[in-house]
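As stored in model-v2.pdb (PDB, C-alpha atoms):
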```pdb
ATOM      1  CA  MET I 938      43.618  23.053   4.480
ATOM      2  CA  ALA I 939      42.703  23.883   0.896
ATOM      3  CA  THR I 940      41.458  27.435   0.544
ATOM      4  CA  GLN I 941      38.654  28.465  -1.768
ATOM      5  CA  ALA I 942      41.189  30.722  -3.503
ATOM      6  CA  GLU I 943      42.955  27.536  -4.626
ATOM      7  CA  ILE I 944      39.766  25.995  -6.022
ATOM      8  CA  PRO I 945      37.983  27.741  -8.914
ATOM      9  CA  SER I 946      34.190  27.695  -8.965
ATOM     10  CA  GLN I 947      32.864  24.248  -9.818
ATOM     11  CA  LEU I 948      29.262  25.364 -10.337
ATOM     12  CA  GLY I 949      27.521  23.243 -12.944
ATOM     13  CA  LYS I 950      30.085  20.441 -12.722
ATOM     14  CA  THR I 951      29.541  16.879 -11.532
ATOM     15  CA  ALA I 952      32.262  14.937  -9.750
ATOM     16  CA  VAL I 953      32.660  11.338  -8.599
ATOM     17  CA  VAL I 954      35.116  10.743  -5.751
ATOM     18  CA  THR I 955      35.962   7.157  -4.824
ATOM     19  CA  GLY I 956      36.737   6.260  -1.231
ATOM     20  CA  ALA I 957      34.997   9.450  -0.091
ATOM     21  CA  THR I 958      33.610   8.302   3.268
ATOM     22  CA  GLY I 959      36.743   9.444   5.134
ATOM     23  CA  GLY I 960      40.289  10.735   4.855
ATOM     24  CA  LEU I 961      41.540  12.243   1.610
ATOM     25  CA  GLY I 962      38.395  11.320  -0.310
ATOM     26  CA  TYR I 963      36.109  13.029   2.176
ATOM     27  CA  GLU I 964      38.236  16.181   2.261
ATOM     28  CA  THR I 965      38.305  16.254  -1.542
ATOM     29  CA  ALA I 966      34.533  15.801  -1.780
ATOM     30  CA  GLN I 967      33.845  18.462   0.832
ATOM     31  CA  ALA I 968      36.099  21.023  -0.890
ATOM     32  CA  LEU I 969      34.487  20.347  -4.272
ATOM     33  CA  ALA I 970      31.036  20.756  -2.718
ATOM     34  CA  LYS I 971      32.122  24.089  -1.195
ATOM     35  CA  ALA I 972      33.192  25.181  -4.676
ATOM     36  CA  GLY I 973      29.696  24.435  -5.996
ATOM     37  CA  ALA I 974      30.102  21.048  -7.674
ATOM     38  CA  GLU I 975      27.551  18.280  -7.478
ATOM     39  CA  VAL I 976      29.577  15.559  -5.755
ATOM     40  CA  ILE I 977      28.829  11.840  -5.760
ATOM     41  CA  LEU I 978      30.651  10.243  -2.832
ATOM     42  CA  THR I 979      31.318   6.527  -3.192
ATOM     43  CA  GLY I 980      32.442   3.853  -0.758
ATOM     44  CA  ARG I 981      31.921   0.335   0.545
ATOM     45  CA  ASP I 982      30.354   1.228   3.899
ATOM     46  CA  ASP I 983      26.853   2.622   3.353
ATOM     47  CA  ASN I 984      26.510   3.879   6.924
ATOM     48  CA  LYS I 985      29.748   5.838   6.633
ATOM     49  CA  GLY I 986      28.641   7.089   3.242
ATOM     50  CA  ARG I 987      25.363   8.467   4.513
ATOM     51  CA  SER I 988      27.132  10.025   7.503
ATOM     52  CA  ALA I 989      29.665  11.709   5.209
ATOM     53  CA  VAL I 990      26.915  13.231   3.074
ATOM     54  CA  GLU I 991      25.074  14.449   6.178
ATOM     55  CA  LYS I 992      28.266  15.974   7.575
ATOM     56  CA  ILE I 993      28.996  17.869   4.358
ATOM     57  CA  SER I 994      25.374  19.061   4.247
ATOM     58  CA  ARG I 995      25.770  20.502   7.745
ATOM     59  CA  GLU I 996      29.076  22.188   6.950
ATOM     60  CA  VAL I 997      28.353  23.419   3.416
ATOM     61  CA  ILE I 998      25.127  25.388   2.961
ATOM     62  CA  GLY I 999      23.354  24.277  -0.198
ATOM     63  CA  ALA I1000      25.744  21.381  -0.847
ATOM     64  CA  LYS I1001      24.724  19.107  -3.701
ATOM     65  CA  THR I1002      26.010  15.730  -2.524
ATOM     66  CA  SER I1003      24.850  12.141  -2.691
ATOM     67  CA  TYR I1004      26.261   8.727  -1.836
ATOM     68  CA  GLU I1005      26.523   5.627  -4.025
ATOM     69  CA  HIS I1006      27.750   2.201  -3.022
ATOM     70  CA  LEU I1007      30.913   1.235  -4.910
ATOM     71  CA  ASP I1008      33.341  -1.517  -3.978
ATOM     72  CA  LEU I1009      36.509  -1.208  -6.069
ATOM     73  CA  ALA I1010      37.385  -4.773  -5.060
ATOM     74  CA  SER I1011      34.416  -6.117  -7.056
ATOM     75  CA  LEU I1012      34.038  -5.865 -10.827
ATOM     76  CA  ALA I1013      30.315  -6.562 -10.416
ATOM     77  CA  SER I1014      29.949  -3.623  -8.029
ATOM     78  CA  ILE I1015      31.844  -1.392 -10.472
ATOM     79  CA  ALA I1016      29.567  -2.466 -13.330
ATOM     80  CA  ASP I1017      26.451  -1.843 -11.204
ATOM     81  CA  PHE I1018      27.633   1.636 -10.246
ATOM     82  CA  ALA I1019      28.493   2.526 -13.840
ATOM     83  CA  GLN I1020      25.065   1.326 -14.953
ATOM     84  CA  ARG I1021      23.368   3.580 -12.389
ATOM     85  CA  MET I1022      25.457   6.497 -13.640
ATOM     86  CA  GLN I1023      24.062   6.086 -17.159
ATOM     87  CA  THR I1024      21.007   8.140 -16.158
ATOM     88  CA  ARG I1025      23.325  11.162 -16.300
ATOM     89  CA  GLN I1026      24.283  13.095 -19.388
ATOM     90  CA  SER I1027      27.949  13.631 -18.583
ATOM     91  CA  LEU I1028      30.650  13.532 -15.906
ATOM     92  CA  ASP I1029      33.139  16.377 -15.460
ATOM     93  CA  LEU I1030      35.504  14.909 -12.871
ATOM     94  CA  LEU I1031      36.518  11.456 -11.687
ATOM     95  CA  VAL I1032      38.841  11.265  -8.687
ATOM     96  CA  ASN I1033      40.278   7.748  -8.411
ATOM     97  CA  ASN I1034      41.199   7.897  -4.740
ATOM     98  CA  ALA I1035      40.020   4.762  -2.896
ATOM     99  CA  GLY I1036      42.705   2.402  -1.715
ATOM    100  CA  VAL I1037      44.166  -0.014   0.795
ATOM    101  CA  MET I1038      47.753   0.037   2.015
ATOM    102  CA  ALA I1039      50.374  -2.583   2.893
ATOM    103  CA  LEU I1040      48.015  -5.340   4.011
ATOM    104  CA  PRO I1041      50.043  -7.657   6.286
ATOM    105  CA  ARG I1042      48.757 -10.853   4.663
ATOM    106  CA  ARG I1043      47.922 -11.480   1.037
ATOM    107  CA  GLN I1044      44.200 -11.080   0.444
ATOM    108  CA  THR I1045      42.192 -11.242  -2.759
ATOM    109  CA  THR I1046      39.305  -9.303  -4.242
ATOM    110  CA  ALA I1047      35.961 -10.852  -5.204
ATOM    111  CA  ASP I1048      37.502 -11.581  -8.609
ATOM    112  CA  GLY I1049      40.686 -13.181  -7.281
ATOM    113  CA  PHE I1050      43.063 -10.244  -7.735
ATOM    114  CA  GLU I1051      45.642  -9.405  -5.083
ATOM    115  CA  MET I1052      43.769  -6.885  -2.925
ATOM    116  CA  GLN I1053      46.066  -3.872  -3.316
ATOM    117  CA  PHE I1054      46.622  -4.269  -7.056
ATOM    118  CA  GLY I1055      42.927  -5.055  -7.521
ATOM    119  CA  THR I1056      41.500  -2.232  -5.404
ATOM    120  CA  ASN I1057      44.009   0.575  -5.877
ATOM    121  CA  TYR I1058      44.617   0.050  -9.577
ATOM    122  CA  LEU I1059      42.522  -2.511 -11.464
ATOM    123  CA  GLY I1060      39.237  -1.369  -9.919
ATOM    124  CA  HIS I1061      39.896   2.217 -10.967
ATOM    125  CA  PHE I1062      41.039   1.093 -14.414
ATOM    126  CA  ALA I1063      37.730  -0.738 -14.910
ATOM    127  CA  LEU I1064      35.719   2.146 -13.443
ATOM    128  CA  THR I1065      37.338   4.720 -15.724
ATOM    129  CA  ALA I1066      36.728   2.520 -18.783
ATOM    130  CA  ARG I1067      33.050   2.156 -17.930
ATOM    131  CA  LEU I1068      32.603   5.881 -17.261
ATOM    132  CA  LEU I1069      34.525   6.942 -20.375
ATOM    133  CA  PRO I1070      31.380   7.740 -22.437
ATOM    134  CA  LEU I1071      30.148  10.116 -19.716
ATOM    135  CA  LEU I1072      33.575  11.721 -19.390
ATOM    136  CA  ARG I1073      33.807  12.208 -23.141
ATOM    137  CA  ALA I1074      30.362  13.824 -23.147
ATOM    138  CA  ALA I1075      31.619  16.595 -20.836
ATOM    139  CA  SER I1076      33.694  19.561 -21.939
ATOM    140  CA  GLY I1077      37.256  19.222 -20.660
ATOM    141  CA  ALA I1078      36.592  16.349 -18.242
ATOM    142  CA  ARG I1079      39.364  15.408 -15.836
ATOM    143  CA  VAL I1080      40.473  12.085 -14.392
ATOM    144  CA  VAL I1081      42.743  12.315 -11.346
ATOM    145  CA  SER I1082      44.537   9.170 -10.208
ATOM    146  CA  VAL I1083      45.892   9.210  -6.664
ATOM    147  CA  SER I1084      49.377   7.724  -6.471
ATOM    148  CA  SER I1085      51.927   7.803  -3.656
ATOM    149  CA  LEU I1086      55.543   8.460  -2.769
ATOM    150  CA  ALA I1087      55.676   4.643  -2.666
ATOM    151  CA  HIS I1088      55.617   4.582  -6.470
ATOM    152  CA  ARG I1089      59.307   5.516  -6.326
ATOM    153  CA  THR I1090      60.288   2.032  -5.163
ATOM    154  CA  GLY I1091      57.576   0.247  -7.153
ATOM    155  CA  LEU I1092      58.145  -2.116 -10.048
ATOM    156  CA  ILE I1093      55.574  -3.799 -12.289
ATOM    157  CA  ASP I1094      56.256  -7.518 -11.898
ATOM    158  CA  PHE I1095      54.570  -8.953 -14.981
ATOM    159  CA  GLY I1096      55.636 -12.433 -13.924
ATOM    160  CA  ASP I1097      53.788 -12.128 -10.610
ATOM    161  CA  LEU I1098      51.297  -9.246 -10.830
ATOM    162  CA  GLN I1099      49.068 -10.799  -8.186
ATOM    163  CA  GLY I1100      51.806 -11.608  -5.670
ATOM    164  CA  GLU I1101      51.019 -15.323  -5.798
ATOM    165  CA  ARG I1102      54.641 -16.499  -5.792
ATOM    166  CA  LEU I1103      56.001 -13.896  -3.387
ATOM    167  CA  TYR I1104      53.839 -11.506  -1.402
ATOM    168  CA  SER I1105      55.324  -8.513   0.381
ATOM    169  CA  PRO I1106      52.976  -5.816   1.772
ATOM    170  CA  TRP I1107      55.067  -2.857   0.676
ATOM    171  CA  LYS I1108      56.130  -4.407  -2.637
ATOM    172  CA  ALA I1109      52.476  -4.942  -3.519
ATOM    173  CA  TYR I1110      51.541  -1.433  -2.406
ATOM    174  CA  GLY I1111      54.391   0.168  -4.357
ATOM    175  CA  GLN I1112      53.437  -1.780  -7.482
ATOM    176  CA  SER I1113      49.780  -0.735  -7.169
ATOM    177  CA  LYS I1114      50.620   2.949  -6.764
ATOM    178  CA  LEU I1115      53.162   2.845  -9.586
ATOM    179  CA  ALA I1116      50.431   1.291 -11.735
ATOM    180  CA  CYS I1117      48.091   4.182 -10.833
ATOM    181  CA  LEU I1118      50.647   6.731 -11.998
ATOM    182  CA  ILE I1119      51.464   4.781 -15.166
ATOM    183  CA  PHE I1120      47.726   4.621 -15.879
ATOM    184  CA  ALA I1121      47.298   8.381 -15.498
ATOM    185  CA  LEU I1122      50.101   9.107 -17.969
ATOM    186  CA  GLU I1123      49.004   6.442 -20.444
ATOM    187  CA  LEU I1124      45.360   7.578 -20.306
ATOM    188  CA  GLN I1125      46.516  11.030 -21.373
ATOM    189  CA  ARG I1126      48.542   9.575 -24.248
ATOM    190  CA  ARG I1127      45.561   7.557 -25.439
ATOM    191  CA  SER I1128      43.162  10.449 -25.008
ATOM    192  CA  ASP I1129      45.423  12.631 -27.153
ATOM    193  CA  ALA I1130      45.730   9.915 -29.800
ATOM    194  CA  ALA I1131      42.022   9.046 -29.897
ATOM    195  CA  GLY I1132      40.608  12.548 -29.465
ATOM    196  CA  TRP I1133      38.823  11.837 -26.165
ATOM    197  CA  LYS I1134      39.635  15.396 -24.977
ATOM    198  CA  LEU I1135      40.316  14.320 -21.402
ATOM    199  CA  ILE I1136      42.754  15.797 -18.939
ATOM    200  CA  SER I1137      44.337  12.878 -17.108
ATOM    201  CA  ASN I1138      46.785  13.659 -14.352
ATOM    202  CA  ALA I1139      47.871  12.307 -10.986
ATOM    203  CA  ALA I1140      48.545  13.508  -7.469
ATOM    204  CA  HIS I1141      49.852  12.243  -4.167
ATOM    205  CA  PRO I1142      49.168  13.482  -0.619
ATOM    206  CA  GLY I1143      52.684  13.331   0.781
ATOM    207  CA  PHE I1144      52.786  12.021   4.338
ATOM    208  CA  SER I1145      49.166  12.439   5.386
ATOM    209  CA  ARG I1146      47.734  10.771   8.440
ATOM    210  CA  THR I1147      44.602   8.987   7.187
ATOM    211  CA  ASN I1148      42.674   5.832   7.978
ATOM    212  CA  LEU I1149      44.777   3.984   5.389
ATOM    213  CA  PHE I1150      47.286   3.340   8.158
ATOM    214  CA  ALA I1151      44.651   1.493  10.198
ATOM    215  CA  GLY I1152      44.740  -1.413   7.767
ATOM    216  CA  GLY I1153      48.505  -1.417   7.389
ATOM    217  CA  PRO I1154      51.131  -3.721   8.786
ATOM    218  CA  GLY I1155      51.117  -2.362  12.337
ATOM    219  CA  GLY I1156      53.968  -3.091  14.741
ATOM    220  CA  LEU I1157      57.127  -1.012  14.505
ATOM    221  CA  ILE I1158      56.016   0.693  11.304
ATOM    222  CA  SER I1159      52.863   2.002  12.982
ATOM    223  CA  LEU I1160      54.895   3.197  15.980
ATOM    224  CA  ALA I1161      57.332   4.970  13.668
ATOM    225  CA  THR I1162      54.421   6.525  11.785
ATOM    226  CA  ASP I1163      52.849   7.787  15.007
ATOM    227  CA  PHE I1164      56.163   9.362  16.000
ATOM    228  CA  ALA I1165      56.930  10.884  12.607
ATOM    229  CA  ALA I1166      53.477  12.225  11.738
ATOM    230  CA  PRO I1167      53.618  15.380  13.902
ATOM    231  CA  LEU I1168      57.149  16.165  12.697
ATOM    232  CA  PHE I1169      56.913  15.437   8.984
ATOM    233  CA  GLY I1170      53.273  14.790   8.195
ATOM    234  CA  GLN I1171      50.152  16.806   7.582
ATOM    235  CA  SER I1172      46.393  16.494   7.948
ATOM    236  CA  ALA I1173      44.138  14.729   5.457
ATOM    237  CA  ALA I1174      42.754  18.144   4.506
ATOM    238  CA  ASP I1175      46.236  19.377   3.608
ATOM    239  CA  GLY I1176      47.012  16.077   1.889
ATOM    240  CA  ALA I1177      43.988  16.616  -0.366
ATOM    241  CA  ARG I1178      45.362  19.908  -1.691
ATOM    242  CA  PRO I1179      47.480  18.389  -4.509
ATOM    243  CA  ILE I1180      44.492  16.230  -5.511
ATOM    244  CA  LEU I1181      42.253  19.287  -5.641
ATOM    245  CA  PHE I1182      44.894  21.208  -7.602
ATOM    246  CA  ALA I1183      45.073  18.408 -10.182
ATOM    247  CA  ALA I1184      41.272  18.226 -10.297
ATOM    248  CA  THR I1185      40.408  21.916 -10.586
ATOM    249  CA  SER I1186      43.292  24.283 -11.225
ATOM    250  CA  PRO I1187      43.540  25.894 -14.669
ATOM    251  CA  GLU I1188      47.306  25.607 -14.178
ATOM    252  CA  ALA I1189      47.204  21.805 -13.827
ATOM    253  CA  LYS I1190      48.661  20.270 -16.962
ATOM    254  CA  PRO I1191      47.551  17.105 -18.793
ATOM    255  CA  GLY I1192      49.771  14.140 -18.003
ATOM    256  CA  ALA I1193      51.324  15.861 -14.981
ATOM    257  CA  TYR I1194      51.867  14.732 -11.385
ATOM    258  CA  TYR I1195      51.390  16.892  -8.290
ATOM    259  CA  GLY I1196      52.260  16.555  -4.618
ATOM    260  CA  PRO I1197      53.251  18.675  -1.625
ATOM    261  CA  GLY I1198      56.042  21.108  -2.429
ATOM    262  CA  GLY I1199      57.891  20.897   0.887
ATOM    263  CA  LEU I1200      60.992  18.913   1.832
ATOM    264  CA  GLY I1201      60.839  15.396   0.397
ATOM    265  CA  GLU I1202      57.322  16.068  -0.920
ATOM    266  CA  LEU I1203      56.051  15.098   2.539
ATOM    267  CA  ARG I1204      54.000  18.224   3.212
ATOM    268  CA  GLY I1205      53.322  21.693   1.879
ATOM    269  CA  ALA I1206      51.451  23.532  -0.869
ATOM    270  CA  PRO I1207      50.770  21.759  -4.197
ATOM    271  CA  ALA I1208      53.672  21.600  -6.652
ATOM    272  CA  SER I1209      54.981  19.409  -9.459
ATOM    273  CA  ALA I1210      56.049  16.007  -8.129
ATOM    274  CA  LEU I1211      58.892  13.707  -9.104
ATOM    275  CA  ILE I1212      57.962  11.013 -11.628
ATOM    276  CA  MET I1213      60.325   8.056 -11.555
ATOM    277  CA  PRO I1214      61.630   6.638 -14.864
ATOM    278  CA  GLN I1215      59.686   3.386 -14.475
ATOM    279  CA  ALA I1216      56.448   5.399 -14.468
ATOM    280  CA  ARG I1217      57.341   7.122 -17.753
ATOM    281  CA  ASP I1218      58.224   3.969 -19.704
ATOM    282  CA  ALA I1219      55.781   3.808 -22.612
ATOM    283  CA  THR I1220      56.485   0.136 -23.364
ATOM    284  CA  THR I1221      55.653  -0.884 -19.804
ATOM    285  CA  ALA I1222      52.556   1.320 -19.911
ATOM    286  CA  ALA I1223      51.230  -0.298 -23.081
ATOM    287  CA  ARG I1224      51.911  -3.788 -21.741
ATOM    288  CA  LEU I1225      50.205  -3.012 -18.430
ATOM    289  CA  TRP I1226      47.206  -1.488 -20.225
ATOM    290  CA  ASP I1227      46.737  -4.589 -22.389
ATOM    291  CA  ALA I1228      47.098  -6.911 -19.390
ATOM    292  CA  SER I1229      44.610  -4.820 -17.407
ATOM    293  CA  GLU I1230      41.980  -4.909 -20.141
ATOM    294  CA  LYS I1231      42.252  -8.696 -20.233
ATOM    295  CA  LEU I1232      42.059  -9.012 -16.441
ATOM    296  CA  VAL I1233      39.000  -6.787 -15.969
ATOM    297  CA  GLY I1234      37.268  -7.755 -19.209
ATOM    298  CA  THR I1235      36.593  -4.122 -20.120
ATOM    299  CA  SER I1236      38.080  -2.259 -23.060
ATOM    300  CA  PHE I1237      38.599   1.466 -23.435
ATOM    301  CA  GLY I1238      38.351   0.939 -27.194
ATOM    302  CA  SER I1239      34.770  -0.236 -26.920
ATOM    303  CA  PRO I1240      33.442   0.644 -23.467
ATOM    304  CA  PRO I1241      30.228  -1.095 -22.413
TER     305      PRO I1241
END
```
Go ahead and express the file in the form of structure tokens.
Amino acid sequence: MATQAEIPSQLGKTAVVTGATGGLGYETAQALAKAGAEVILTGRDDNKGRSAVEKISREVIGAKTSYEHLDLASLASIADFAQRMQTRQSLDLLVNNAGVMALPRRQTTADGFEMQFGTNYLGHFALTARLLPLLRAASGARVVSVSSLAHRTGLIDFGDLQGERLYSPWKAYGQSKLACLIFALELQRRSDAAGWKLISNAAHPGFSRTNLFAGGPGGLISLATDFAAPLFGQSAADGARPILFAATSPEAKPGAYYGPGGLGELRGAPASALIMPQARDATTAARLWDASEKLVGTSFGSPP
């Protein structure tokens, strides 16, 4: 698991971690709390959220943690959360972690978006836009977007972003995680151009056994995952290490991507990760950004 030697002191800093009631999000929140940050855990299940805060409080003496309801599959929920955050002066760290994976059947969010594209990507796009004033008010704020090895096979299908014509669980997941990585790189470009003074980077957990698999396609893939996990995978705590590196390390670079440094980036200590060419394409990034602003009705140019 992540050692305190890997995480500089976060005293005086405030962090928001999405999807923090379990798995990677919980491990990230706990490690940040151990390092002294005030951590706001968010999630859809309020009972799990309160339990997560209580668990961290038991394990981390003096932890400064709280829970806020946030459903990334609802633009209204995102707006409500952002409004509640306006009582704060600034935000030092936003970890865009929450997600769903390879849903067997096409589902939609409250706003009619395909569930994976809407939750994993569009929800975080809208959240980051709404929290931008707080991030800009901090000194050296960071935004970490959690991507996946699945981005390597992803393509942005502008003709069918919502999977209405053809839905495939893994195609939709790959597109959503590619979009997350594209967003991280483009946010850094725009921050540099506009003088927002953000550090935007991305990370992936390698092959980490988390509760994401519980909502996946099941069947042979789940059996293969169960077999492969002990051989090639790692714990959620170890999977959180690249995320924590991106979020806290003075060595983490703006516009960079981190993952496990072992064979195939499946497990191991944090290291630079492979970025596929489709994630670096600036034309695609600009087109996706414009489409996303229209879909969520929130602009980074004039955040609400």
Residues of segment 1012-1075 of chain I that have any atom at most 7 Å from an atom of segment 1095-1119 of chain I: could you tabulate them with the shortest-distance atom pair and the distance in Å to one decimal, using all atoms listed in the file, ordered by chain and increasing number, as a Markdown table?
```
| residue | atom | partner | partner_atom | distance |
| --- | --- | --- | --- | --- |
| I:Met1038 | CA | I:Tyr1110 | CA | 6.0 |
| I:Ala1039 | CA | I:Pro1106 | CA | 4.3 |
| I:Leu1040 | CA | I:Pro1106 | CA | 5.5 |
| I:Pro1041 | CA | I:Pro1106 | CA | 5.7 |
| I:Arg1043 | CA | I:Tyr1104 | CA | 6.4 |
| I:Phe1050 | CA | I:Gln1099 | CA | 6.0 |
| I:Glu1051 | CA | I:Gln1099 | CA | 4.8 |
| I:Gln1053 | CA | I:Tyr1110 | CA | 6.1 |
| I:Phe1054 | CA | I:Ser1113 | CA | 4.7 |
| I:Asn1057 | CA | I:Ser1113 | CA | 6.1 |
| I:Tyr1058 | CA | I:Cys1117 | CA | 5.5 |
```
Item to complete: Point out the residue among I:Ala1078, I:Ala1223, I:Leu1009, I:Ala1210 with the least atom-to-atom distance to Glu1123 of chain I, counting only C-alpha atoms.
Response: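 Closest candidate: I:Ala1223.
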Discussion item. So that I can check the surroundings of Pro1070 of chain I, please list as a ChimeraX atom specification every protein, DNA and RNA residue that reaches within 12 Å of it, counting only C-alpha atoms and ignoring chain neighbours fewer than 6 positions away.
Written reply: /I:1019-1020,1022-1023,1025-1029,1064,1078,1133-1135,1237-1241
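Note that atom CA of Gly956 of chain I and atom CA of Glu1230 of chain I are 22.6 Å apart.
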Practice prompt. Skip Gly1176 of chain I itself and residues of its chain fewer than 4 positions away, then list as JSON, numbers by chain all residues within 10 Å of it, counting all atoms listed in the file.
Written response: {"I": [938, 939, 960, 961, 964, 965, 1140, 1141, 1142, 1143, 1144, 1145, 1146, 1147, 1170, 1171, 1172, 1180, 1181, 1196, 1197, 1203, 1204, 1205, 1206, 1207]}
Worksheet item: Hey, which of I:Ala957, I:Ala1087, I:Ala1219, I:Leu948 ends up closest to Asp983 of chain I? Count all atoms listed in the file.
Response: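 Smallest distance to Asp983 of chain I is found for I:Ala957.
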Discussion item. Using Å and a single decimal, report how far atom CA of Asn1033 of chain I sits from atom CA of Ser1082 of chain I.
Written reply: 4.8 Å
Discussion item. Considering only C-alpha atoms, can you say which of I:Lys1001, I:Arg1127, I:Arg1079, I:Lys971 comes closest to Lys1190 of chain I?
Written reply: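 Counting only C-alpha atoms, the residue closest to Lys1190 of chain I is I:Arg1079.
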Discussion item. When the PyMOL selection byres ((chain I and resi 1031) around 12) is applied to the structure above, which residues does it catch, written out as a PyMOL selection string?
Written reply: chain I and resi 950-957+962+965-966+969+976-979+1027-1030+1032-1035+1061-1062+1064-1069+1071-1073+1075+1077-1083+1121+1135-1139+1180-1181+1183-1185
Selection to disk with C-alpha atoms, as a PDB file, keeping the file's coordinate frame:
```pdb
ATOM      1  CA  LYS I 950      30.085  20.441 -12.722  1.00  0.00           C
ATOM      2  CA  THR I 951      29.541  16.879 -11.532  1.00  0.00           C
ATOM      3  CA  ALA I 952      32.262  14.937  -9.750  1.00  0.00           C
ATOM      4  CA  VAL I 953      32.660  11.338  -8.599  1.00  0.00           C
ATOM      5  CA  VAL I 954      35.116  10.743  -5.751  1.00  0.00           C
ATOM      6  CA  THR I 955      35.962   7.157  -4.824  1.00  0.00           C
ATOM      7  CA  GLY I 956      36.737   6.260  -1.231  1.00  0.00           C
ATOM      8  CA  ALA I 957      34.997   9.450  -0.091  1.00  0.00           C
ATOM      9  CA  GLY I 962      38.395  11.320  -0.310  1.00  0.00           C
ATOM     10  CA  THR I 965      38.305  16.254  -1.542  1.00  0.00           C
ATOM     11  CA  ALA I 966      34.533  15.801  -1.780  1.00  0.00           C
ATOM     12  CA  LEU I 969      34.487  20.347  -4.272  1.00  0.00           C
ATOM     13  CA  VAL I 976      29.577  15.559  -5.755  1.00  0.00           C
ATOM     14  CA  ILE I 977      28.829  11.840  -5.760  1.00  0.00           C
ATOM     15  CA  LEU I 978      30.651  10.243  -2.832  1.00  0.00           C
ATOM     16  CA  THR I 979      31.318   6.527  -3.192  1.00  0.00           C
ATOM     17  CA  SER I1027      27.949  13.631 -18.583  1.00  0.00           C
ATOM     18  CA  LEU I1028      30.650  13.532 -15.906  1.00  0.00           C
ATOM     19  CA  ASP I1029      33.139  16.377 -15.460  1.00  0.00           C
ATOM     20  CA  LEU I1030      35.504  14.909 -12.871  1.00  0.00           C
ATOM     21  CA  VAL I1032      38.841  11.265  -8.687  1.00  0.00           C
ATOM     22  CA  ASN I1033      40.278   7.748  -8.411  1.00  0.00           C
ATOM     23  CA  ASN I1034      41.199   7.897  -4.740  1.00  0.00           C
ATOM     24  CA  ALA I1035      40.020   4.762  -2.896  1.00  0.00           C
ATOM     25  CA  HIS I1061      39.896   2.217 -10.967  1.00  0.00           C
ATOM     26  CA  PHE I1062      41.039   1.093 -14.414  1.00  0.00           C
ATOM     27  CA  LEU I1064      35.719   2.146 -13.443  1.00  0.00           C
ATOM     28  CA  THR I1065      37.338   4.720 -15.724  1.00  0.00           C
ATOM     29  CA  ALA I1066      36.728   2.520 -18.783  1.00  0.00           C
ATOM     30  CA  ARG I1067      33.050   2.156 -17.930  1.00  0.00           C
ATOM     31  CA  LEU I1068      32.603   5.881 -17.261  1.00  0.00           C
ATOM     32  CA  LEU I1069      34.525   6.942 -20.375  1.00  0.00           C
ATOM     33  CA  LEU I1071      30.148  10.116 -19.716  1.00  0.00           C
ATOM     34  CA  LEU I1072      33.575  11.721 -19.390  1.00  0.00           C
ATOM     35  CA  ARG I1073      33.807  12.208 -23.141  1.00  0.00           C
ATOM     36  CA  ALA I1075      31.619  16.595 -20.836  1.00  0.00           C
ATOM     37  CA  GLY I1077      37.256  19.222 -20.660  1.00  0.00           C
ATOM     38  CA  ALA I1078      36.592  16.349 -18.242  1.00  0.00           C
ATOM     39  CA  ARG I1079      39.364  15.408 -15.836  1.00  0.00           C
ATOM     40  CA  VAL I1080      40.473  12.085 -14.392  1.00  0.00           C
ATOM     41  CA  VAL I1081      42.743  12.315 -11.346  1.00  0.00           C
ATOM     42  CA  SER I1082      44.537   9.170 -10.208  1.00  0.00           C
ATOM     43  CA  VAL I1083      45.892   9.210  -6.664  1.00  0.00           C
ATOM     44  CA  ALA I1121      47.298   8.381 -15.498  1.00  0.00           C
ATOM     45  CA  LEU I1135      40.316  14.320 -21.402  1.00  0.00           C
ATOM     46  CA  ILE I1136      42.754  15.797 -18.939  1.00  0.00           C
ATOM     47  CA  SER I1137      44.337  12.878 -17.108  1.00  0.00           C
ATOM     48  CA  ASN I1138      46.785  13.659 -14.352  1.00  0.00           C
ATOM     49  CA  ALA I1139      47.871  12.307 -10.986  1.00  0.00           C
ATOM     50  CA  ILE I1180      44.492  16.230  -5.511  1.00  0.00           C
ATOM     51  CA  LEU I1181      42.253  19.287  -5.641  1.00  0.00           C
ATOM     52  CA  ALA I1183      45.073  18.408 -10.182  1.00  0.00           C
ATOM     53  CA  ALA I1184      41.272  18.226 -10.297  1.00  0.00           C
ATOM     54  CA  THR I1185      40.408  21.916 -10.586  1.00  0.00           C
TER      55      THR I1185
END
```
Worksheet item: If we count only C-alpha atoms, what is near segment 984-1000 of chain I at a cut-off of 9 Å, once residues fewer than 2 positions away on the same chain are taken out, given as number ranges by chain?
Response: I: 957-959, 963, 966-967, 970-971, 973-976, 978-982, 1002-1006
Discussion item. Would you compute the distance between atom CA of Ala968 of chain I and atom CA of Arg1089 of chain I? Give it in Å to one decimal.
Written reply: 28.4 Å
Can you sort out the box for segment 1177-1185 of chain I, edges along x, y and z, all listed atoms in, 6 Å on every side, with centre and edge lengths in Å to one decimal, as lines of an AutoDock Vina configuration file?
```
center_x = 43.9
center_y = 19.1
center_z = -5.5
size_x = 19.1
size_y = 17.7
size_z = 22.2
```
Fill in: Best match for closeness to Ile1212 of chain I among I:Ala1130, I:Leu1086, I:Ala1228, I:Ala1189, counting all atoms listed in the file
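When distances to Ile1212 of chain I are compared using all atoms listed in the file, the smallest one comes from I:Leu1086.
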Item to complete: Considering only C-alpha atoms, state which residue in the set I:Leu1059, I:Ser946, I:Arg1021, I:Pro1191 is at the smallest distance from Asp1129 of chain I.
Response: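 For Asp1129 of chain I, the nearest of the candidates is I:Pro1191.
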Item to complete: May I have the residues within 8 Å of Ala1010 of chain I as a PyMOL selection string, using only C-alpha atoms and disregarding those fewer than 2 positions away in the same chain?
Response: chain I and resi 1008+1012+1046-1048+1052+1055-1056+1060
